[in-house]
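S.K.: File follows, target-v2.txt with compact mmCIF, N, CA and C atoms:
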# COMPACT_ATOMS: atom_id res chain seq x y z
N MET A 139 0.85 -1.18 0.00
CA MET A 139 0.00 0.00 0.00
C MET A 139 0.89 1.24 0.00
N PRO A 140 0.74 2.11 -0.96
CA PRO A 140 1.58 3.31 -1.03
C PRO A 140 1.23 4.30 0.08
N ASP A 141 2.23 5.08 0.46
CA ASP A 141 2.02 6.10 1.48
C ASP A 141 1.04 7.14 0.97
N GLN A 142 0.13 7.57 1.83
CA GLN A 142 -0.86 8.55 1.41
C GLN A 142 -0.29 9.96 1.36
N PHE A 143 0.91 10.16 1.91
CA PHE A 143 1.57 11.47 1.90
C PHE A 143 2.76 11.45 0.96
N SER A 144 3.08 12.59 0.41
CA SER A 144 4.32 12.72 -0.36
C SER A 144 5.48 12.71 0.63
N PRO A 145 6.71 12.47 0.18
CA PRO A 145 7.85 12.47 1.10
C PRO A 145 7.98 13.77 1.91
N VAL A 146 7.70 14.90 1.30
CA VAL A 146 7.78 16.18 2.01
C VAL A 146 6.70 16.27 3.09
N GLU A 147 5.48 15.85 2.74
CA GLU A 147 4.39 15.88 3.72
C GLU A 147 4.64 14.88 4.84
N ARG A 148 5.15 13.69 4.51
CA ARG A 148 5.45 12.68 5.53
C ARG A 148 6.50 13.22 6.50
N SER A 149 7.50 13.89 5.99
CA SER A 149 8.53 14.48 6.83
C SER A 149 7.93 15.50 7.79
N ARG A 150 7.04 16.32 7.28
CA ARG A 150 6.39 17.33 8.13
C ARG A 150 5.55 16.65 9.22
N VAL A 151 4.82 15.63 8.87
CA VAL A 151 3.99 14.91 9.84
C VAL A 151 4.87 14.28 10.92
N MET A 152 5.95 13.63 10.53
CA MET A 152 6.82 12.95 11.50
C MET A 152 7.55 13.96 12.40
N ARG A 153 7.88 15.13 11.87
CA ARG A 153 8.52 16.17 12.70
C ARG A 153 7.58 16.65 13.80
N ALA A 154 6.28 16.57 13.54
CA ALA A 154 5.30 17.06 14.50
C ALA A 154 5.07 16.09 15.66
N VAL A 155 5.56 14.85 15.55
CA VAL A 155 5.40 13.87 16.62
C VAL A 155 6.29 14.29 17.78
N LYS A 156 5.66 14.51 18.93
CA LYS A 156 6.40 14.99 20.09
C LYS A 156 7.04 13.83 20.84
N SER A 157 8.18 14.11 21.44
CA SER A 157 8.82 13.08 22.27
C SER A 157 8.78 13.46 23.74
N GLY A 158 8.54 14.71 24.03
CA GLY A 158 8.49 15.15 25.42
C GLY A 158 7.30 16.06 25.63
N ASP A 159 6.92 16.24 26.88
CA ASP A 159 5.78 17.08 27.25
C ASP A 159 4.50 16.63 26.54
N THR A 160 4.34 15.33 26.42
CA THR A 160 3.14 14.78 25.80
C THR A 160 1.98 14.88 26.81
N THR A 161 0.77 14.76 26.32
CA THR A 161 -0.40 14.84 27.21
C THR A 161 -0.34 13.78 28.31
N PRO A 162 -0.04 12.51 28.01
CA PRO A 162 0.05 11.53 29.10
C PRO A 162 1.12 11.90 30.13
N GLU A 163 2.25 12.42 29.65
CA GLU A 163 3.32 12.81 30.57
C GLU A 163 2.86 13.96 31.47
N LEU A 164 2.17 14.93 30.91
CA LEU A 164 1.68 16.06 31.70
C LEU A 164 0.65 15.61 32.73
N ILE A 165 -0.18 14.64 32.38
CA ILE A 165 -1.16 14.10 33.32
C ILE A 165 -0.45 13.45 34.50
N VAL A 166 0.56 12.63 34.22
CA VAL A 166 1.31 11.97 35.30
C VAL A 166 2.00 13.02 36.17
N ARG A 167 2.60 14.03 35.56
CA ARG A 167 3.25 15.09 36.34
C ARG A 167 2.27 15.75 37.29
N ARG A 168 1.07 16.09 36.78
CA ARG A 168 0.07 16.75 37.63
C ARG A 168 -0.34 15.85 38.80
N LEU A 169 -0.52 14.56 38.52
CA LEU A 169 -0.91 13.64 39.59
C LEU A 169 0.18 13.53 40.66
N VAL A 170 1.42 13.37 40.22
CA VAL A 170 2.53 13.23 41.16
C VAL A 170 2.70 14.52 41.97
N HIS A 171 2.62 15.64 41.30
CA HIS A 171 2.72 16.93 41.99
C HIS A 171 1.58 17.10 42.99
N GLY A 172 0.37 16.69 42.59
CA GLY A 172 -0.79 16.77 43.46
C GLY A 172 -0.67 15.88 44.70
N LEU A 173 0.12 14.84 44.59
CA LEU A 173 0.36 13.97 45.75
C LEU A 173 1.41 14.57 46.69
N GLY A 174 1.98 15.71 46.30
CA GLY A 174 2.93 16.40 47.17
C GLY A 174 4.39 16.11 46.87
N TYR A 175 4.67 15.44 45.79
CA TYR A 175 6.04 15.09 45.44
C TYR A 175 6.61 16.10 44.45
N ARG A 176 7.90 16.35 44.57
CA ARG A 176 8.60 17.20 43.61
C ARG A 176 9.59 16.32 42.86
N PHE A 177 9.86 16.67 41.63
CA PHE A 177 10.64 15.78 40.77
C PHE A 177 11.44 16.59 39.78
N ARG A 178 12.37 15.90 39.16
CA ARG A 178 13.14 16.47 38.06
C ARG A 178 12.65 15.83 36.78
N LEU A 179 12.85 16.53 35.67
CA LEU A 179 12.41 16.03 34.38
C LEU A 179 13.59 15.63 33.51
N HIS A 180 13.48 14.50 32.87
CA HIS A 180 14.40 14.08 31.81
C HIS A 180 15.87 14.24 32.18
N CYS A 181 16.29 13.62 33.28
CA CYS A 181 17.69 13.71 33.72
C CYS A 181 18.60 13.10 32.66
N ARG A 182 19.46 13.91 32.11
CA ARG A 182 20.33 13.45 31.03
C ARG A 182 21.45 12.53 31.52
N ASP A 183 21.69 12.51 32.83
CA ASP A 183 22.76 11.66 33.34
C ASP A 183 22.28 10.24 33.65
N LEU A 184 21.01 9.93 33.37
CA LEU A 184 20.48 8.59 33.57
C LEU A 184 20.16 7.95 32.23
N PRO A 185 20.23 6.62 32.18
CA PRO A 185 19.86 5.93 30.94
C PRO A 185 18.42 6.27 30.54
N CYS A 186 18.20 6.53 29.32
CA CYS A 186 16.90 6.79 28.69
C CYS A 186 16.24 8.09 29.11
N GLN A 187 16.91 8.91 29.88
CA GLN A 187 16.35 10.19 30.34
C GLN A 187 14.91 10.03 30.82
N PRO A 188 14.70 9.41 31.98
CA PRO A 188 13.35 9.14 32.48
C PRO A 188 12.47 10.40 32.51
N ASP A 189 11.17 10.21 32.33
CA ASP A 189 10.24 11.34 32.28
C ASP A 189 10.18 12.08 33.61
N LEU A 190 10.09 11.36 34.71
CA LEU A 190 10.10 11.97 36.04
C LEU A 190 11.14 11.26 36.88
N VAL A 191 11.94 12.02 37.60
CA VAL A 191 12.96 11.47 38.47
C VAL A 191 12.77 12.06 39.86
N LEU A 192 12.68 11.18 40.84
CA LEU A 192 12.55 11.60 42.24
C LEU A 192 13.82 11.16 42.96
N PRO A 193 14.88 11.97 42.91
CA PRO A 193 16.19 11.56 43.41
C PRO A 193 16.20 11.16 44.88
N ARG A 194 15.50 11.88 45.74
CA ARG A 194 15.51 11.56 47.17
C ARG A 194 14.89 10.21 47.47
N LEU A 195 13.95 9.81 46.64
CA LEU A 195 13.29 8.52 46.82
C LEU A 195 13.98 7.40 46.06
N GLY A 196 14.86 7.76 45.13
CA GLY A 196 15.52 6.76 44.30
C GLY A 196 14.54 6.11 43.33
N LYS A 197 13.58 6.91 42.84
CA LYS A 197 12.55 6.36 41.96
C LYS A 197 12.46 7.16 40.67
N VAL A 198 12.11 6.46 39.59
CA VAL A 198 11.87 7.11 38.31
C VAL A 198 10.55 6.59 37.74
N ILE A 199 9.91 7.45 36.97
CA ILE A 199 8.66 7.10 36.31
C ILE A 199 8.85 7.32 34.81
N LEU A 200 8.55 6.27 34.04
CA LEU A 200 8.61 6.35 32.59
C LEU A 200 7.18 6.35 32.06
N VAL A 201 6.86 7.28 31.19
CA VAL A 201 5.54 7.33 30.57
C VAL A 201 5.71 6.89 29.12
N HIS A 202 5.15 5.73 28.82
CA HIS A 202 5.31 5.13 27.49
C HIS A 202 4.04 5.27 26.66
N GLY A 203 4.21 5.61 25.41
CA GLY A 203 3.12 5.58 24.45
C GLY A 203 2.84 4.14 24.07
N CYS A 204 1.58 3.75 24.09
CA CYS A 204 1.21 2.36 23.82
C CYS A 204 1.66 1.90 22.43
N PHE A 205 1.48 2.73 21.43
CA PHE A 205 1.82 2.36 20.05
C PHE A 205 3.32 2.16 19.89
N TRP A 206 4.13 3.12 20.31
CA TRP A 206 5.57 3.07 20.06
C TRP A 206 6.29 2.04 20.92
N HIS A 207 5.76 1.79 22.13
CA HIS A 207 6.45 0.87 23.05
C HIS A 207 5.75 -0.47 23.15
N ARG A 208 4.70 -0.69 22.34
CA ARG A 208 4.03 -1.97 22.15
C ARG A 208 3.37 -2.52 23.41
N HIS A 209 2.50 -1.72 23.99
CA HIS A 209 1.72 -2.18 25.14
C HIS A 209 0.72 -3.25 24.68
N ALA A 210 0.21 -4.03 25.61
CA ALA A 210 -0.72 -5.12 25.29
C ALA A 210 -2.13 -4.63 24.96
N CYS A 211 -2.39 -3.33 25.08
CA CYS A 211 -3.72 -2.81 24.78
C CYS A 211 -3.94 -2.73 23.27
N GLU A 212 -5.13 -2.31 22.88
CA GLU A 212 -5.48 -2.25 21.45
C GLU A 212 -4.54 -1.33 20.67
N ALA A 213 -4.26 -0.16 21.21
CA ALA A 213 -3.38 0.79 20.51
C ALA A 213 -1.97 0.23 20.32
N GLY A 214 -1.52 -0.56 21.27
CA GLY A 214 -0.18 -1.12 21.20
C GLY A 214 -0.05 -2.30 20.27
N GLN A 215 -1.16 -2.83 19.82
CA GLN A 215 -1.12 -4.00 18.96
C GLN A 215 -1.31 -3.67 17.49
N SER A 216 -1.62 -2.42 17.18
CA SER A 216 -1.83 -2.07 15.77
C SER A 216 -0.48 -1.84 15.09
N THR A 217 -0.43 -2.21 13.84
CA THR A 217 0.78 -2.04 13.03
C THR A 217 0.37 -1.40 11.71
N PRO A 218 1.10 -0.40 11.26
CA PRO A 218 0.76 0.21 9.97
C PRO A 218 0.73 -0.84 8.86
N ALA A 219 -0.16 -0.65 7.90
CA ALA A 219 -0.35 -1.61 6.82
C ALA A 219 0.77 -1.55 5.79
N SER A 220 1.41 -0.40 5.65
CA SER A 220 2.49 -0.29 4.67
C SER A 220 3.82 -0.53 5.38
N ARG A 221 4.77 -1.08 4.65
CA ARG A 221 6.12 -1.32 5.15
C ARG A 221 6.13 -2.12 6.46
N VAL A 222 5.39 -3.19 6.47
CA VAL A 222 5.21 -4.00 7.67
C VAL A 222 6.56 -4.49 8.21
N ASP A 223 7.47 -4.91 7.33
CA ASP A 223 8.78 -5.39 7.78
C ASP A 223 9.53 -4.30 8.53
N TYR A 224 9.49 -3.09 8.00
CA TYR A 224 10.16 -1.96 8.65
C TYR A 224 9.59 -1.74 10.05
N TRP A 225 8.25 -1.68 10.14
CA TRP A 225 7.62 -1.38 11.42
C TRP A 225 7.82 -2.50 12.43
N THR A 226 7.79 -3.73 11.98
CA THR A 226 8.01 -4.85 12.89
C THR A 226 9.41 -4.77 13.50
N ALA A 227 10.40 -4.50 12.67
CA ALA A 227 11.77 -4.36 13.16
C ALA A 227 11.90 -3.15 14.08
N LYS A 228 11.28 -2.04 13.70
CA LYS A 228 11.33 -0.81 14.50
C LYS A 228 10.76 -1.05 15.89
N PHE A 229 9.59 -1.68 15.96
CA PHE A 229 8.96 -1.94 17.25
C PHE A 229 9.80 -2.91 18.08
N ALA A 230 10.40 -3.91 17.45
CA ALA A 230 11.25 -4.86 18.17
C ALA A 230 12.45 -4.13 18.78
N ARG A 231 13.03 -3.21 18.03
CA ARG A 231 14.16 -2.42 18.55
C ARG A 231 13.72 -1.55 19.73
N ASN A 232 12.54 -0.94 19.63
CA ASN A 232 12.03 -0.12 20.73
C ASN A 232 11.86 -0.94 22.00
N VAL A 233 11.25 -2.11 21.87
CA VAL A 233 10.99 -2.96 23.03
C VAL A 233 12.32 -3.44 23.63
N ALA A 234 13.27 -3.83 22.80
CA ALA A 234 14.58 -4.28 23.29
C ALA A 234 15.30 -3.13 24.01
N ARG A 235 15.23 -1.94 23.45
CA ARG A 235 15.86 -0.77 24.08
C ARG A 235 15.21 -0.49 25.43
N ASP A 236 13.88 -0.59 25.51
CA ASP A 236 13.18 -0.38 26.79
C ASP A 236 13.66 -1.37 27.84
N ARG A 237 13.79 -2.64 27.45
CA ARG A 237 14.26 -3.66 28.40
C ARG A 237 15.67 -3.34 28.90
N ARG A 238 16.55 -2.97 27.96
CA ARG A 238 17.92 -2.61 28.35
C ARG A 238 17.93 -1.43 29.32
N ASN A 239 17.14 -0.43 29.04
CA ASN A 239 17.10 0.76 29.89
C ASN A 239 16.56 0.44 31.28
N LEU A 240 15.54 -0.42 31.36
CA LEU A 240 15.02 -0.82 32.66
C LEU A 240 16.09 -1.55 33.47
N ARG A 241 16.83 -2.44 32.81
CA ARG A 241 17.91 -3.16 33.50
C ARG A 241 18.99 -2.20 33.99
N LYS A 242 19.38 -1.25 33.14
CA LYS A 242 20.41 -0.27 33.51
C LYS A 242 19.96 0.54 34.72
N LEU A 243 18.74 1.02 34.70
CA LEU A 243 18.23 1.82 35.82
C LEU A 243 18.20 0.99 37.10
N SER A 244 17.76 -0.25 37.00
CA SER A 244 17.72 -1.13 38.18
C SER A 244 19.11 -1.38 38.73
N ARG A 245 20.08 -1.63 37.83
CA ARG A 245 21.46 -1.85 38.28
C ARG A 245 22.03 -0.63 38.98
N LEU A 246 21.58 0.54 38.59
CA LEU A 246 22.04 1.78 39.22
C LEU A 246 21.31 2.06 40.54
N GLY A 247 20.36 1.18 40.90
CA GLY A 247 19.67 1.32 42.18
C GLY A 247 18.35 2.07 42.14
N TRP A 248 17.85 2.37 40.96
CA TRP A 248 16.60 3.10 40.83
C TRP A 248 15.42 2.14 40.82
N SER A 249 14.34 2.51 41.49
CA SER A 249 13.06 1.80 41.36
C SER A 249 12.33 2.44 40.20
N VAL A 250 11.76 1.62 39.34
CA VAL A 250 11.17 2.14 38.11
C VAL A 250 9.69 1.76 38.03
N LEU A 251 8.87 2.75 37.64
CA LEU A 251 7.47 2.51 37.35
C LEU A 251 7.22 2.93 35.92
N VAL A 252 6.61 2.04 35.14
CA VAL A 252 6.23 2.36 33.77
C VAL A 252 4.73 2.64 33.75
N VAL A 253 4.37 3.82 33.27
CA VAL A 253 2.97 4.19 33.11
C VAL A 253 2.68 4.21 31.62
N TRP A 254 1.63 3.50 31.21
CA TRP A 254 1.27 3.43 29.80
C TRP A 254 0.27 4.52 29.47
N GLU A 255 0.34 4.99 28.25
CA GLU A 255 -0.54 6.05 27.77
C GLU A 255 -2.02 5.76 28.05
N CYS A 256 -2.45 4.53 27.82
CA CYS A 256 -3.86 4.18 28.03
C CYS A 256 -4.27 4.27 29.50
N GLN A 257 -3.31 4.18 30.41
CA GLN A 257 -3.61 4.26 31.84
C GLN A 257 -3.83 5.70 32.30
N THR A 258 -3.55 6.67 31.43
CA THR A 258 -3.73 8.08 31.80
C THR A 258 -5.09 8.62 31.37
N ARG A 259 -5.89 7.81 30.71
CA ARG A 259 -7.21 8.27 30.26
C ARG A 259 -8.10 8.56 31.47
N VAL A 260 -9.08 9.40 31.27
CA VAL A 260 -9.95 9.86 32.36
C VAL A 260 -10.55 8.69 33.13
N ALA A 261 -11.00 7.66 32.43
CA ALA A 261 -11.63 6.51 33.09
C ALA A 261 -10.66 5.78 34.02
N ASN A 262 -9.36 5.89 33.76
CA ASN A 262 -8.36 5.17 34.56
C ASN A 262 -7.61 6.08 35.53
N ARG A 263 -7.98 7.34 35.58
CA ARG A 263 -7.19 8.34 36.32
C ARG A 263 -7.08 8.04 37.82
N GLU A 264 -8.19 7.68 38.47
CA GLU A 264 -8.15 7.41 39.91
C GLU A 264 -7.31 6.18 40.20
N SER A 265 -7.41 5.17 39.37
CA SER A 265 -6.59 3.97 39.53
C SER A 265 -5.11 4.31 39.37
N LEU A 266 -4.81 5.16 38.41
CA LEU A 266 -3.42 5.59 38.20
C LEU A 266 -2.92 6.38 39.40
N ARG A 267 -3.75 7.26 39.94
CA ARG A 267 -3.35 8.05 41.12
C ARG A 267 -2.99 7.12 42.27
N ARG A 268 -3.81 6.11 42.51
CA ARG A 268 -3.53 5.16 43.60
C ARG A 268 -2.23 4.39 43.34
N ARG A 269 -2.05 4.00 42.10
CA ARG A 269 -0.84 3.26 41.73
C ARG A 269 0.41 4.11 41.95
N LEU A 270 0.35 5.37 41.55
CA LEU A 270 1.47 6.29 41.77
C LEU A 270 1.72 6.49 43.26
N GLU A 271 0.65 6.65 44.01
CA GLU A 271 0.77 6.85 45.46
C GLU A 271 1.45 5.65 46.12
N ARG A 272 1.04 4.43 45.74
CA ARG A 272 1.66 3.21 46.30
C ARG A 272 3.14 3.15 45.94
N PHE A 273 3.45 3.41 44.68
CA PHE A 273 4.84 3.34 44.21
C PHE A 273 5.71 4.36 44.95
N LEU A 274 5.23 5.56 45.11
CA LEU A 274 6.04 6.63 45.70
C LEU A 274 6.13 6.53 47.21
N SER A 275 5.17 5.89 47.86
CA SER A 275 5.20 5.84 49.33
C SER A 275 5.98 4.64 49.88
N ASN A 276 6.36 3.72 49.02
CA ASN A 276 7.14 2.54 49.49
C ASN A 276 8.61 2.82 49.49
I'd like the structure from this file rewritten - as structure tokens, please.
M.R.:
Amino acid sequence: MPDQFSPVERSRVMRAVKSGDTTPELIVRRLVHGLGYRFRLHCRDLPCQPDLVLPRLGKVILVHGCFWHRHACEAGQSTPASRVDYWTAKFARNVARDRRNLRKLSRLGWSVLVVWECQTRVANRESLRRRLERFLSN
């Protein structure tokens, strides 16, 4: 199936994909801040530059997009119809990189919580707040 965009349009679309300050990330920040915790953002001295870092607690929170990081939900299971081989390899590399980064953070003594994009939706917000509270209070 051919791409519906020209190469110039595809480039523009892909440039618009944000990697930081995404809506799910902002939701998690607001919840953590509302629980009374203060944090640092995207520490460059840690593997994978975690989304939220709580140095005093030795904890980090990663906010993953379901599609890009291949969550088990519906959004994480979809694959583009064109260039399937490319996307399959791309997703496999993303998942392998995530595993490596989790191991690196654990070896450095950090406790890690992964929050998935689908868990930040309004229907799941209270459950997410409780999960964050449990993670941060232990």
S.K.: For the atom pair atom N of Tyr175 (chain A) and CA of Asp189 (chain A), what is the interatomic distance in Å to one decimal place?
M.R.: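 Atom-to-atom, atom N of Tyr175 (chain A) to CA of Asp189 (chain A), that is 15.2 Å.
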S.K.: Between atom C of Ala227 (chain A) and atom C of Ala210 (chain A), what is the distance, to one decimal in Å?
M.R.: 17.8 Å
S.K.: Using only C-alpha atoms, which residue out of A:Val233, A:Glu163, A:Leu173, A:Glu147 lies closest to Glu271 (chain A)?
M.R.: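 Using only C-alpha atoms, Glu271 (chain A) sits closest to A:Leu173.
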S.K.: Give the alpha helix (DSSP H) residues of chain A, as DSSP finds them on the backbone, and put them as a ChimeraX atom specification.
M.R.: /A:145-153,161-172,204-207,212-215,222-245,263-275
S.K.: How many Å separate CA of Thr217 (chain A) from CA of Asn232 (chain A)?
M.R.: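 Value for the CA of Thr217 (chain A)-CA of Asn232 (chain A) distance: 13.8 Å.
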S.K.: Which residue is closest to His209 (chain A)? Choose from A:Glu255, A:Gln187, A:Ser265, A:Arg237 and count all atoms listed in the file.
M.R.: A:Glu255
S.K.: Given 6 Å on each side, where is the centre and what are the edge lengths in Å to one decimal of the axis-aligned box enclosing the listed atoms of region 180-194 of chain A, as JSON?
M.R.:
{"center_x": 16.4, "center_y": 10.2, "center_z": 38.1, "size_x": 24.7, "size_y": 20.6, "size_z": 30.8}
S.K.: Could you pull out the residues in chain A that DSSP calls strand (DSSP E or B) from the backbone, as an mmCIF file with N, CA and C atoms, keeping the file's coordinate frame?
M.R.:
data_model
loop_
_atom_site.group_PDB
_atom_site.id
_atom_site.type_symbol
_atom_site.label_atom_id
_atom_site.label_comp_id
_atom_site.auth_asym_id
_atom_site.auth_seq_id
_atom_site.Cartn_x
_atom_site.Cartn_y
_atom_site.Cartn_z
ATOM 1 N N ARG A 178 12.370 15.900 39.160
ATOM 2 C CA ARG A 178 13.140 16.470 38.060
ATOM 3 C C ARG A 178 12.650 15.830 36.780
ATOM 4 N N LEU A 179 12.850 16.530 35.670
ATOM 5 C CA LEU A 179 12.410 16.030 34.380
ATOM 6 C C LEU A 179 13.590 15.630 33.510
ATOM 7 N N LEU A 190 10.090 11.360 34.710
ATOM 8 C CA LEU A 190 10.100 11.970 36.040
ATOM 9 C C LEU A 190 11.140 11.260 36.880
ATOM 10 N N VAL A 191 11.940 12.020 37.600
ATOM 11 C CA VAL A 191 12.960 11.470 38.470
ATOM 12 C C VAL A 191 12.770 12.060 39.860
ATOM 13 N N LEU A 192 12.680 11.180 40.840
ATOM 14 C CA LEU A 192 12.550 11.600 42.240
ATOM 15 C C LEU A 192 13.820 11.160 42.960
ATOM 16 N N LYS A 197 13.580 6.910 42.840
ATOM 17 C CA LYS A 197 12.550 6.360 41.960
ATOM 18 C C LYS A 197 12.460 7.160 40.670
ATOM 19 N N VAL A 198 12.110 6.460 39.590
ATOM 20 C CA VAL A 198 11.870 7.110 38.310
ATOM 21 C C VAL A 198 10.550 6.590 37.740
ATOM 22 N N ILE A 199 9.910 7.450 36.970
ATOM 23 C CA ILE A 199 8.660 7.100 36.310
ATOM 24 C C ILE A 199 8.850 7.320 34.810
ATOM 25 N N LEU A 200 8.550 6.270 34.040
ATOM 26 C CA LEU A 200 8.610 6.350 32.590
ATOM 27 C C LEU A 200 7.180 6.350 32.060
ATOM 28 N N VAL A 201 6.860 7.280 31.190
ATOM 29 C CA VAL A 201 5.540 7.330 30.570
ATOM 30 C C VAL A 201 5.710 6.890 29.120
ATOM 31 N N HIS A 202 5.150 5.730 28.820
ATOM 32 C CA HIS A 202 5.310 5.130 27.490
ATOM 33 C C HIS A 202 4.040 5.270 26.660
ATOM 34 N N SER A 249 14.340 2.510 41.490
ATOM 35 C CA SER A 249 13.060 1.800 41.360
ATOM 36 C C SER A 249 12.330 2.440 40.200
ATOM 37 N N VAL A 250 11.760 1.620 39.340
ATOM 38 C CA VAL A 250 11.170 2.140 38.110
ATOM 39 C C VAL A 250 9.690 1.760 38.030
ATOM 40 N N LEU A 251 8.870 2.750 37.640
ATOM 41 C CA LEU A 251 7.470 2.510 37.350
ATOM 42 C C LEU A 251 7.220 2.930 35.920
ATOM 43 N N VAL A 252 6.610 2.040 35.140
ATOM 44 C CA VAL A 252 6.230 2.360 33.770
ATOM 45 C C VAL A 252 4.730 2.640 33.750
ATOM 46 N N VAL A 253 4.370 3.820 33.270
ATOM 47 C CA VAL A 253 2.970 4.190 33.110
ATOM 48 C C VAL A 253 2.680 4.210 31.620
ATOM 49 N N TRP A 254 1.630 3.500 31.210
ATOM 50 C CA TRP A 254 1.270 3.430 29.800
ATOM 51 C C TRP A 254 0.270 4.520 29.470
#
S.K.: Identify which of the residues A:Val191, A:Ile165, A:Leu240, A:Val198 lies closest to Phe177 (chain A), counting only N, CA and C atoms when measuring atom-to-atom distances.
M.R.: A:Val191
S.K.: Counting only C-alpha atoms, find the residues whose atoms lie at most 9 Å from (-4.4, 14.6, 7.0) (file coordinates) and write them out as a list in words.
M.R.: Gln142, Phe143 and Val151 of chain A
S.K.: Do a neighbour search on Ser249 (chain A) at 7 Å with only N, CA and C atoms, toss out local chain neighbours closer than 3 positions, and write the hits as a PyMOL selection string.
M.R.: chain A and resi 195-199+243-244
S.K.: Return the single residue from A:Lys228, A:Pro185, A:Ser216, A:Glu264 that is closest to Arg245 (chain A), with distances computed using only C-alpha atoms.
M.R.: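 Smallest separation from Arg245 (chain A) among the options: A:Pro185.
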S.K.: Since the input lacks some atoms of region 208-214 of chain A, please model all heavy atoms and print them as a compact mmCIF listing (two decimals), keeping the file's coordinate frame.
M.R.:
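Full text of rebuild_11.txt as output:
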# COMPACT_ATOMS: atom_id res chain seq x y z
N ARG A 208 4.70 -0.69 22.34
CA ARG A 208 4.03 -1.97 22.15
C ARG A 208 3.37 -2.52 23.41
O ARG A 208 3.58 -3.66 23.84
CB ARG A 208 4.98 -3.02 21.56
CG ARG A 208 5.67 -2.58 20.29
CD ARG A 208 4.81 -1.87 19.30
NE ARG A 208 3.96 -2.77 18.54
CZ ARG A 208 2.95 -2.35 17.79
NH1 ARG A 208 2.67 -1.09 17.71
NH2 ARG A 208 2.23 -3.21 17.14
N HIS A 209 2.50 -1.72 23.99
CA HIS A 209 1.72 -2.18 25.14
C HIS A 209 0.72 -3.25 24.68
O HIS A 209 0.41 -3.36 23.50
CB HIS A 209 0.97 -0.99 25.76
CG HIS A 209 0.29 -1.31 27.03
ND1 HIS A 209 -1.03 -0.99 27.27
CD2 HIS A 209 0.72 -1.94 28.15
CE1 HIS A 209 -1.36 -1.40 28.48
NE2 HIS A 209 -0.31 -1.98 29.03
N ALA A 210 0.21 -4.03 25.61
CA ALA A 210 -0.72 -5.12 25.29
C ALA A 210 -2.13 -4.63 24.96
O ALA A 210 -2.97 -5.44 24.57
CB ALA A 210 -0.77 -6.10 26.45
N CYS A 211 -2.39 -3.33 25.08
CA CYS A 211 -3.72 -2.81 24.78
C CYS A 211 -3.94 -2.73 23.27
O CYS A 211 -3.04 -3.00 22.48
CB CYS A 211 -3.92 -1.43 25.41
SG CYS A 211 -2.96 -0.11 24.63
N GLU A 212 -5.13 -2.31 22.88
CA GLU A 212 -5.48 -2.25 21.45
C GLU A 212 -4.54 -1.33 20.67
O GLU A 212 -4.10 -1.66 19.56
CB GLU A 212 -6.93 -1.77 21.31
CG GLU A 212 -7.44 -1.79 19.90
CD GLU A 212 -8.89 -1.35 19.83
OE1 GLU A 212 -9.66 -1.68 20.74
OE2 GLU A 212 -9.24 -0.69 18.83
N ALA A 213 -4.26 -0.16 21.21
CA ALA A 213 -3.38 0.79 20.51
C ALA A 213 -1.97 0.23 20.32
O ALA A 213 -1.31 0.52 19.34
CB ALA A 213 -3.32 2.11 21.27
N GLY A 214 -1.52 -0.56 21.27
CA GLY A 214 -0.18 -1.12 21.20
C GLY A 214 -0.05 -2.30 20.27
O GLY A 214 1.05 -2.73 19.95
